[in-house]
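Next comes query_4.cif, with mmCIF, C-alpha atoms and all ligand atoms.
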```cif
data_structure
#
loop_
_atom_site.label_atom_id
_atom_site.label_comp_id
_atom_site.auth_asym_id
_atom_site.auth_seq_id
_atom_site.Cartn_x
_atom_site.Cartn_y
_atom_site.Cartn_z
CA MET A 411 214.64 21.57 53.74
CA SER A 412 212.31 19.04 52.11
CA TYR A 413 211.49 19.32 48.43
CA LEU A 414 207.91 20.36 49.15
CA LYS A 415 208.98 23.01 51.65
CA PHE A 416 211.46 24.30 49.08
CA ILE A 417 208.67 24.61 46.47
CA PHE A 418 206.49 26.53 48.96
CA PHE A 419 209.43 28.76 49.78
CA ILE A 420 209.91 29.59 46.06
CA LEU A 421 206.18 30.25 45.64
CA PHE A 422 206.28 32.54 48.67
CA LEU A 423 209.22 34.47 47.18
CA LEU A 424 207.45 34.87 43.82
CA ALA A 425 204.31 36.08 45.57
CA SER A 426 206.19 38.71 47.54
CA PHE A 427 208.07 39.92 44.46
CA SER A 428 204.88 40.32 42.44
CA THR A 429 203.22 42.46 45.12
CA HIS A 430 204.00 45.92 43.84
CA SER A 431 204.13 48.75 46.27
CA HIS A 432 205.43 51.70 44.34
CA ALA A 433 206.07 54.63 46.62
CA VAL A 434 203.18 57.04 46.19
CA VAL A 435 202.81 60.27 48.15
CA THR A 436 199.75 59.87 50.36
CA HIS A 437 200.18 63.09 52.32
CA ASN A 438 202.17 66.28 51.92
CA SER A 439 202.28 69.21 54.28
CA LEU A 440 202.31 71.77 51.42
CA LYS A 441 198.51 71.56 51.27
CA LEU A 442 198.04 72.41 54.94
CA LYS A 443 201.07 74.52 55.78
CA PRO A 444 202.22 77.07 53.18
CA VAL A 445 205.98 77.46 52.67
CA PRO A 446 206.99 80.67 54.51
CA LEU A 447 208.49 83.66 52.70
CA ASN A 448 212.28 84.09 53.02
CA LEU A 449 212.60 81.48 55.76
CA ALA A 450 214.16 78.03 55.62
CA SER A 451 211.44 75.46 56.22
CA GLN A 452 210.58 71.79 56.11
CA VAL A 453 208.07 69.87 54.06
CA GLU A 454 206.69 66.60 55.36
CA LEU A 455 205.76 63.83 52.95
CA SER A 456 204.20 60.47 53.65
CA PHE A 457 204.49 57.53 51.29
CA ASN A 458 202.35 54.40 51.11
CA SER A 459 205.45 52.22 51.44
CA LYS A 460 208.96 52.24 52.81
CA VAL A 461 211.33 54.35 50.70
CA GLU A 462 215.05 53.93 50.08
CA LEU A 463 216.30 57.49 50.61
CA ASP A 464 219.91 56.58 49.77
CA LEU A 465 218.81 55.77 46.21
CA SER A 466 216.20 58.51 45.90
CA GLU A 467 216.66 62.06 44.65
CA VAL A 468 214.69 65.15 45.56
CA PHE A 469 215.03 68.48 43.77
CA LEU A 470 213.72 71.96 44.26
CA VAL A 471 212.65 73.41 40.90
CA ARG A 472 212.73 77.19 40.58
CA SER A 473 211.22 79.20 37.72
CA GLY A 474 213.12 78.61 34.50
CA ASP A 475 213.36 74.89 35.42
CA LYS A 476 216.46 75.48 37.57
CA MET A 477 216.89 72.37 39.71
CA GLU A 478 218.85 71.94 42.90
CA VAL A 479 219.16 68.89 45.15
CA ILE A 480 217.47 69.24 48.52
CA THR A 481 218.05 67.15 51.62
CA ALA A 482 215.56 64.41 52.42
CA THR A 483 215.71 62.69 55.79
CA PRO A 484 213.55 59.89 57.20
CA GLY A 485 210.74 60.99 59.51
CA THR A 486 209.67 59.22 62.68
CA LYS A 487 206.80 57.26 61.10
CA PRO A 488 207.23 54.54 58.46
CA GLY A 489 207.15 55.99 54.94
CA GLN A 490 207.59 59.53 56.27
CA VAL A 491 210.19 61.82 54.67
CA ILE A 492 211.22 65.32 55.75
CA LEU A 493 212.51 67.72 53.08
CA SER A 494 214.60 70.76 53.97
CA LEU A 495 213.85 73.83 51.88
CA PRO A 496 216.13 76.88 51.80
CA ALA A 497 214.76 80.39 52.39
CA LEU A 498 212.73 81.25 49.28
CA PRO A 499 211.58 84.54 47.79
CA GLU A 500 208.03 84.97 46.48
CA GLY A 501 207.36 82.81 43.46
CA GLU A 502 206.23 79.55 41.96
CA TYR A 503 208.20 76.39 42.73
CA ALA A 504 208.01 72.65 42.49
CA ILE A 505 209.49 69.69 44.30
CA LYS A 506 210.59 66.94 41.95
CA LEU A 507 210.72 63.49 43.49
CA LYS A 508 212.55 60.43 42.20
CA ILE A 509 211.75 57.93 44.89
CA PHE A 510 212.81 54.31 45.15
CA ALA A 511 210.37 52.15 47.05
CA ALA A 512 211.62 49.29 49.20
CA ASP A 513 210.65 46.94 46.33
CA GLY A 514 213.16 48.71 44.07
CA HIS A 515 210.61 50.44 41.87
CA LEU A 516 211.19 54.05 40.95
CA SER A 517 208.36 56.55 40.95
CA GLU A 518 208.52 60.19 39.97
CA ASP A 519 206.27 62.97 41.15
CA LEU A 520 206.10 66.75 40.89
CA LEU A 521 204.57 68.81 43.70
CA ARG A 522 203.94 72.43 42.77
CA PHE A 523 203.70 75.18 45.35
CA PHE A 524 203.76 78.96 45.73
CA VAL A 525 205.60 81.16 48.17
CA ARG A 526 203.55 84.28 48.91
CA LYS A 527 203.53 87.12 51.39
CA THR A 528 201.36 86.14 54.35
CA GLY A 529 197.86 87.57 54.39
CA GLN A 530 197.46 87.22 50.64
CU CU B 601 206.66 48.33 42.75
#
```
What is this file in structure tokens?
Ligand SMILES: [Cu+2]
Amino acid sequence: MSYLKFIFFILFLLASFSTHSHAVVTHNSLKLKPVPLNLASQVELSFNSKVELDLSEVFLVRSGDKMEVITATPGTKPGQVILSLPALPEGEYAIKLKIFAADGHLSEDLLRFFVRKTGQ
């Protein structure tokens, strides 16, 4: 590699490192599809960038701030993540996300939701 090409290569690397793409939730199915009462279900999230699920953590938060890890699996589309929720009684909950983007940046988010009897 010539000296000039090497310089361009370094500049290219610096440019790609400085482009931040923190993983931000751009879509979540909680808004469209309520979590069913007493039935295991799935929540679909979409992020603006690729996420590293092996490094990320997702928790279900019950009332009283009781947290439990829930399973997150990659969806079919880029940036899509499927969360598996256990059967839940009526109440107020949250999903706590600690997501690593492909650029190595961590972002945290809290998605609140309710589980209610249908027809209410
Ligand atoms: Cu970033």
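Closest approach to ligand CU 601 (chain B) among A:Ala433, A:Ile505, A:Leu498, A:Asn438: A:Ala433, based on only C-alpha atoms and all ligand atoms.
The closest residue to ligand CU 601 (chain B), picked from A:Met477, A:Leu455, A:Val434, A:Leu442 and counting only C-alpha atoms and all ligand atoms, is A:Val434.
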Review point. Contacts of range 460-469 of chain A at 6 Å or less, counting all atoms listed in the file, minus same-chain residues fewer than 5 places along, as a VMD selection string?
Key: chain A and resid 477 to 480 489 505 to 512
File dump, residues just selected, C-alpha atoms, as a compact mmCIF listing (two decimals), in the coordinates of the input:
```txt
# COMPACT_ATOMS: atom_id res chain seq x y z
CA MET A 477 216.89 72.37 39.71
CA GLU A 478 218.85 71.94 42.90
CA VAL A 479 219.16 68.89 45.15
CA ILE A 480 217.47 69.24 48.52
CA GLY A 489 207.15 55.99 54.94
CA ILE A 505 209.49 69.69 44.30
CA LYS A 506 210.59 66.94 41.95
CA LEU A 507 210.72 63.49 43.49
CA LYS A 508 212.55 60.43 42.20
CA ILE A 509 211.75 57.93 44.89
CA PHE A 510 212.81 54.31 45.15
CA ALA A 511 210.37 52.15 47.05
CA ALA A 512 211.62 49.29 49.20
```
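Minimum atom-to-atom distances from A:Glu500, A:Asp513, A:Asp475, A:Asp519 to Pro446 in chain A were compared using all atoms listed in the file, and the lowest value belongs to A:Glu500.
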Exercise for review: Could you tell me which of A:Leu440, A:Ile420, A:Leu521, A:Ala450 comes closest to Pro499 in chain A if we count all atoms listed in the file?
Suggested key: A:Ala450
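The gap separating CA of His515 in chain A from CA of Leu495 in chain A is 25.6 Å, in Å to one decimal.
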Reconstruct N, CA, C and O atoms of range 507-521 of chain A; output as a PDB file, in the coordinates of the input.
```pdb
ATOM      1  N   LEU A 507     210.361  64.688  42.727  1.00  0.00           N
ATOM      2  CA  LEU A 507     210.720  63.490  43.490  1.00  0.00           C
ATOM      3  C   LEU A 507     211.077  62.343  42.560  1.00  0.00           C
ATOM      4  O   LEU A 507     210.357  62.074  41.606  1.00  0.00           O
ATOM      5  N   LYS A 508     212.212  61.708  42.843  1.00  0.00           N
ATOM      6  CA  LYS A 508     212.550  60.430  42.200  1.00  0.00           C
ATOM      7  C   LYS A 508     212.773  59.461  43.346  1.00  0.00           C
ATOM      8  O   LYS A 508     213.847  59.425  43.940  1.00  0.00           O
ATOM      9  N   ILE A 509     211.749  58.716  43.663  1.00  0.00           N
ATOM     10  CA  ILE A 509     211.750  57.930  44.890  1.00  0.00           C
ATOM     11  C   ILE A 509     211.799  56.435  44.596  1.00  0.00           C
ATOM     12  O   ILE A 509     210.989  55.929  43.813  1.00  0.00           O
ATOM     13  N   PHE A 510     212.737  55.760  45.228  1.00  0.00           N
ATOM     14  CA  PHE A 510     212.810  54.310  45.150  1.00  0.00           C
ATOM     15  C   PHE A 510     212.052  53.712  46.318  1.00  0.00           C
ATOM     16  O   PHE A 510     212.338  54.016  47.473  1.00  0.00           O
ATOM     17  N   ALA A 511     211.085  52.868  45.996  1.00  0.00           N
ATOM     18  CA  ALA A 511     210.370  52.150  47.050  1.00  0.00           C
ATOM     19  C   ALA A 511     211.237  50.994  47.518  1.00  0.00           C
ATOM     20  O   ALA A 511     212.214  50.635  46.858  1.00  0.00           O
ATOM     21  N   ALA A 512     210.864  50.422  48.650  1.00  0.00           N
ATOM     22  CA  ALA A 512     211.620  49.290  49.200  1.00  0.00           C
ATOM     23  C   ALA A 512     211.652  48.115  48.225  1.00  0.00           C
ATOM     24  O   ALA A 512     212.568  47.305  48.258  1.00  0.00           O
ATOM     25  N   ASP A 513     210.666  48.031  47.317  1.00  0.00           N
ATOM     26  CA  ASP A 513     210.650  46.940  46.330  1.00  0.00           C
ATOM     27  C   ASP A 513     211.528  47.246  45.118  1.00  0.00           C
ATOM     28  O   ASP A 513     211.548  46.473  44.160  1.00  0.00           O
ATOM     29  N   GLY A 514     212.224  48.380  45.142  1.00  0.00           N
ATOM     30  CA  GLY A 514     213.160  48.710  44.070  1.00  0.00           C
ATOM     31  C   GLY A 514     212.550  49.443  42.905  1.00  0.00           C
ATOM     32  O   GLY A 514     213.247  49.755  41.943  1.00  0.00           O
ATOM     33  N   HIS A 515     211.249  49.721  42.968  1.00  0.00           N
ATOM     34  CA  HIS A 515     210.610  50.440  41.870  1.00  0.00           C
ATOM     35  C   HIS A 515     210.744  51.946  42.048  1.00  0.00           C
ATOM     36  O   HIS A 515     210.567  52.464  43.142  1.00  0.00           O
ATOM     37  N   LEU A 516     211.020  52.605  40.931  1.00  0.00           N
ATOM     38  CA  LEU A 516     211.190  54.050  40.950  1.00  0.00           C
ATOM     39  C   LEU A 516     209.871  54.723  40.600  1.00  0.00           C
ATOM     40  O   LEU A 516     209.183  54.312  39.676  1.00  0.00           O
ATOM     41  N   SER A 517     209.514  55.745  41.350  1.00  0.00           N
ATOM     42  CA  SER A 517     208.360  56.550  40.950  1.00  0.00           C
ATOM     43  C   SER A 517     208.746  58.018  41.007  1.00  0.00           C
ATOM     44  O   SER A 517     209.530  58.445  41.851  1.00  0.00           O
ATOM     45  N   GLU A 518     208.225  58.763  40.046  1.00  0.00           N
ATOM     46  CA  GLU A 518     208.520  60.190  39.970  1.00  0.00           C
ATOM     47  C   GLU A 518     207.254  60.974  40.231  1.00  0.00           C
ATOM     48  O   GLU A 518     206.169  60.538  39.894  1.00  0.00           O
ATOM     49  N   ASP A 519     207.425  62.130  40.848  1.00  0.00           N
ATOM     50  CA  ASP A 519     206.270  62.970  41.150  1.00  0.00           C
ATOM     51  C   ASP A 519     206.735  64.424  41.145  1.00  0.00           C
ATOM     52  O   ASP A 519     207.923  64.703  41.334  1.00  0.00           O
ATOM     53  N   LEU A 520     205.808  65.323  40.879  1.00  0.00           N
ATOM     54  CA  LEU A 520     206.100  66.750  40.890  1.00  0.00           C
ATOM     55  C   LEU A 520     205.054  67.437  41.738  1.00  0.00           C
ATOM     56  O   LEU A 520     203.858  67.326  41.460  1.00  0.00           O
ATOM     57  N   LEU A 521     205.498  68.106  42.802  1.00  0.00           N
ATOM     58  CA  LEU A 521     204.570  68.810  43.700  1.00  0.00           C
ATOM     59  C   LEU A 521     204.797  70.306  43.524  1.00  0.00           C
ATOM     60  O   LEU A 521     205.858  70.818  43.861  1.00  0.00           O
TER      61      LEU A 521
END
```
